[in-house]
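Please read the structure below before turning to the comments.
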Amino acid sequence: MSESDTEALLDAIERIDERLHDEQDYLTELDSRIGDADHGNNLARGISAVSEKRDDLAEMALDEAVKTVGTTLVSEVGGAAGPLYGGSIMSASQELDGGLDAESALAFAEAYREKLTERGGARPGDKTMVDAVTPAVHTFQRAIEEDDLPPVDALAKAVDAARRGVAYTVPLRASKGRASYLGLRAVGHRDPGATSTLFVLEELLATAEA
Ligand code: ADP
Ligand code: MG
Ligand code: MG
């Protein structure tokens, strides 16, 4: 466990905070088409609450800090996205108790995907954040375990996979969440939660590349 792991987390939080505030209106607009027009606001409120804990997080080991990010999101974000993002982060944080390396990053990603699908019950193709998370995690896993790529390059591939996953949500009807009430009217719109997941992954990549 090194202090620089927590520093990297704080750097990531700063980037994600800025990005989610930049994209707040866009994410809310996406949610206005197929939901209740609050996704951008929900996430902006959540990441602001996380940023306010910056000084406390700086004193924590990586796994504890990541767990605190999750609990903060659960209590501040509400709606569907709060427990899904926050609960999955909380649960996956255990994988980081030995610090951050390729193996623990992969274990975290897999645990996040597993918890998210278990909690929300959505499968790929249901037009949810799972459509970004699943291809990203599988691509990350293959890149590390089969292609033996360095974690940063594996993450870059995972981000590309998430981007394709977001595009894939456009023609789908939704089977989970509020958008599922719309039937065919959800077709033609990208899913807000898959889109915010892509933004978070892009900022994690920017952190890893810095
Ligand atoms: P709410 O729908 O409660 O207003 P948000 O607008 O913050 O919550 O989040 C909506 C996003 O949550 C959707 O775009 C979708 O990606 C995701 N979502 C909703 N239900 C589920 C679910 N059961 N499993 C996975 N993701 C879901
Ligand atoms: Mg909403
Ligand atoms: Mg809502």
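How things are named: the first chain in the structure tokens is A, the next is B, and so on; residues count from 1 in each chain; ligands count from 1 in the order shown.
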Counting only C-alpha atoms and all ligand atoms, what residues are within 12 Å of ligand 2, given as a PyMOL selection string? chain A and resi 27-43+77-82+128+177-179+191-193
Take the residues from that selection and write them out as a PDB file, in the first residue's frame, keeping C-alpha atoms.
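What ended up in again_16.pdb:
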```pdb
ATOM      1  CA  LEU A  27     -26.595  13.966 -18.910  1.00  0.00           C
ATOM      2  CA  THR A  28     -29.765  15.512 -17.557  1.00  0.00           C
ATOM      3  CA  GLU A  29     -30.933  16.209 -21.100  1.00  0.00           C
ATOM      4  CA  LEU A  30     -30.336  12.549 -22.039  1.00  0.00           C
ATOM      5  CA  ASP A  31     -32.363  11.549 -18.977  1.00  0.00           C
ATOM      6  CA  SER A  32     -35.127  13.985 -19.960  1.00  0.00           C
ATOM      7  CA  ARG A  33     -35.657  11.989 -23.159  1.00  0.00           C
ATOM      8  CA  ILE A  34     -36.019   8.558 -21.567  1.00  0.00           C
ATOM      9  CA  GLY A  35     -36.228   9.196 -17.810  1.00  0.00           C
ATOM     10  CA  ASP A  36     -36.992  11.916 -15.298  1.00  0.00           C
ATOM     11  CA  ALA A  37     -34.356  14.523 -16.185  1.00  0.00           C
ATOM     12  CA  ASP A  38     -32.170  14.220 -13.095  1.00  0.00           C
ATOM     13  CA  HIS A  39     -29.177  11.996 -13.940  1.00  0.00           C
ATOM     14  CA  GLY A  40     -26.680  14.838 -14.446  1.00  0.00           C
ATOM     15  CA  ASN A  41     -27.867  16.621 -11.324  1.00  0.00           C
ATOM     16  CA  ASN A  42     -27.789  13.403  -9.285  1.00  0.00           C
ATOM     17  CA  LEU A  43     -24.185  12.666 -10.222  1.00  0.00           C
ATOM     18  CA  VAL A  77     -27.158  10.502  -5.132  1.00  0.00           C
ATOM     19  CA  GLY A  78     -30.444   8.685  -4.555  1.00  0.00           C
ATOM     20  CA  GLY A  79     -32.514   7.380  -7.466  1.00  0.00           C
ATOM     21  CA  ALA A  80     -31.391   4.294  -9.323  1.00  0.00           C
ATOM     22  CA  ALA A  81     -27.874   5.497 -10.036  1.00  0.00           C
ATOM     23  CA  GLY A  82     -26.830   6.185  -6.414  1.00  0.00           C
ATOM     24  CA  THR A 128     -28.522   0.558 -18.918  1.00  0.00           C
ATOM     25  CA  GLY A 177     -35.254   1.445 -14.974  1.00  0.00           C
ATOM     26  CA  ARG A 178     -37.614   4.284 -15.854  1.00  0.00           C
ATOM     27  CA  ALA A 179     -36.879   4.092 -19.575  1.00  0.00           C
ATOM     28  CA  ASP A 191     -28.734   5.658 -22.135  1.00  0.00           C
ATOM     29  CA  PRO A 192     -27.734   8.304 -19.560  1.00  0.00           C
ATOM     30  CA  GLY A 193     -26.116   5.857 -17.108  1.00  0.00           C
TER      31      GLY A 193
END
```
Looking only at alpha helix (DSSP H) from DSSP on the backbone, list the matching residues of chain A as a ChimeraX atom specification. /A:3-22,24-34,39-52,54-58,62-77,81,87-92,102-120,130-145,151-169,192-209
Just want the 9 Å neighbourhood of Ala136 in chain A, counted on only C-alpha atoms, with same-chain residues fewer than 2 positions away dropped. Output as a PyMOL selection string. chain A and resi 109+131-134+138-141+155+157-163+165+201
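For the pair CA of Ala174 in chain A and atom 5 (P, counted along the ligand's line) of ligand 1, the separation is 13.7 Å.
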Need the shell around range 83-88 of chain A: protein/DNA/RNA residues with any atom at most 10 Å away, counting only C-alpha atoms. Skip same-chain ones fewer than 3 positions apart. Format as a PyMOL selection string? chain A and resi 43+46+66-80+91-93+108-109+111-120+129+193+197
Taking C-alpha atoms for each residue, export the selection above as an mmCIF file, in the first residue's frame.
```cif
data_model
loop_
_atom_site.group_PDB
_atom_site.id
_atom_site.type_symbol
_atom_site.label_atom_id
_atom_site.label_comp_id
_atom_site.auth_asym_id
_atom_site.auth_seq_id
_atom_site.Cartn_x
_atom_site.Cartn_y
_atom_site.Cartn_z
ATOM 1 C CA LEU A 43 -24.185 12.666 -10.222
ATOM 2 C CA GLY A 46 -22.767 13.027 -5.536
ATOM 3 C CA VAL A 66 -12.737 3.995 -2.266
ATOM 4 C CA LYS A 67 -15.285 2.498 0.126
ATOM 5 C CA THR A 68 -15.993 5.976 1.495
ATOM 6 C CA VAL A 69 -16.547 7.235 -2.066
ATOM 7 C CA GLY A 70 -19.153 4.485 -2.467
ATOM 8 C CA THR A 71 -20.981 5.172 0.799
ATOM 9 C CA THR A 72 -21.020 8.891 0.007
ATOM 10 C CA LEU A 73 -22.570 8.256 -3.405
ATOM 11 C CA VAL A 74 -25.199 5.935 -1.918
ATOM 12 C CA SER A 75 -26.257 8.536 0.630
ATOM 13 C CA GLU A 76 -26.091 11.594 -1.651
ATOM 14 C CA VAL A 77 -27.158 10.502 -5.132
ATOM 15 C CA GLY A 78 -30.444 8.685 -4.555
ATOM 16 C CA GLY A 79 -32.514 7.380 -7.466
ATOM 17 C CA ALA A 80 -31.391 4.294 -9.323
ATOM 18 C CA SER A 91 -18.442 -3.724 -2.502
ATOM 19 C CA ALA A 92 -15.562 -3.785 -5.009
ATOM 20 C CA SER A 93 -13.336 -1.622 -2.769
ATOM 21 C CA PHE A 108 -11.979 -4.375 -8.691
ATOM 22 C CA ALA A 109 -13.436 -4.061 -12.201
ATOM 23 C CA ALA A 111 -16.312 -7.155 -8.648
ATOM 24 C CA TYR A 112 -17.891 -3.854 -9.723
ATOM 25 C CA ARG A 113 -19.533 -5.470 -12.754
ATOM 26 C CA GLU A 114 -20.734 -8.428 -10.720
ATOM 27 C CA LYS A 115 -22.254 -6.306 -7.951
ATOM 28 C CA LEU A 116 -23.877 -3.938 -10.446
ATOM 29 C CA THR A 117 -25.602 -6.730 -12.350
ATOM 30 C CA GLU A 118 -26.560 -8.553 -9.167
ATOM 31 C CA ARG A 119 -28.074 -5.450 -7.592
ATOM 32 C CA GLY A 120 -29.832 -4.030 -10.639
ATOM 33 C CA MET A 129 -25.062 1.352 -17.579
ATOM 34 C CA GLY A 193 -26.116 5.857 -17.108
ATOM 35 C CA THR A 197 -20.026 5.499 -17.020
#
```
Excluding Ile47 in chain A and its own-chain neighbours fewer than 4 positions away, which residues fall within 8 Å of it when counting only C-alpha atoms? Please give them as a PDB file with N, CA and C atoms, in the first residue's frame.
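part06.pdb, written as the output of this step:
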```pdb
ATOM      1  N   ILE A  13     -10.651  11.729  -8.669  1.00  0.00           N
ATOM      2  CA  ILE A  13     -11.874  12.374  -8.172  1.00  0.00           C
ATOM      3  C   ILE A  13     -11.983  13.808  -8.698  1.00  0.00           C
ATOM      4  N   ILE A  16     -12.926  13.629 -12.369  1.00  0.00           N
ATOM      5  CA  ILE A  16     -14.311  13.167 -12.551  1.00  0.00           C
ATOM      6  C   ILE A  16     -15.288  14.265 -12.109  1.00  0.00           C
ATOM      7  N   ASP A  17     -14.944  14.949 -11.033  1.00  0.00           N
ATOM      8  CA  ASP A  17     -15.787  16.055 -10.549  1.00  0.00           C
ATOM      9  C   ASP A  17     -15.945  17.109 -11.657  1.00  0.00           C
ATOM     10  N   LEU A  20     -18.007  15.628 -14.687  1.00  0.00           N
ATOM     11  CA  LEU A  20     -19.446  15.441 -14.449  1.00  0.00           C
ATOM     12  C   LEU A  20     -20.171  16.780 -14.324  1.00  0.00           C
ATOM     13  N   LEU A  43     -25.617  12.983 -10.278  1.00  0.00           N
ATOM     14  CA  LEU A  43     -24.185  12.666 -10.222  1.00  0.00           C
ATOM     15  C   LEU A  43     -23.348  13.872  -9.812  1.00  0.00           C
ATOM     16  N   SER A  51     -15.975  15.140  -3.229  1.00  0.00           N
ATOM     17  CA  SER A  51     -14.862  16.110  -3.243  1.00  0.00           C
ATOM     18  C   SER A  51     -14.745  16.844  -1.910  1.00  0.00           C
ATOM     19  N   LEU A  73     -21.681   8.247  -2.234  1.00  0.00           N
ATOM     20  CA  LEU A  73     -22.570   8.256  -3.405  1.00  0.00           C
ATOM     21  C   LEU A  73     -23.934   7.658  -3.062  1.00  0.00           C
TER      22      LEU A  73
END
```
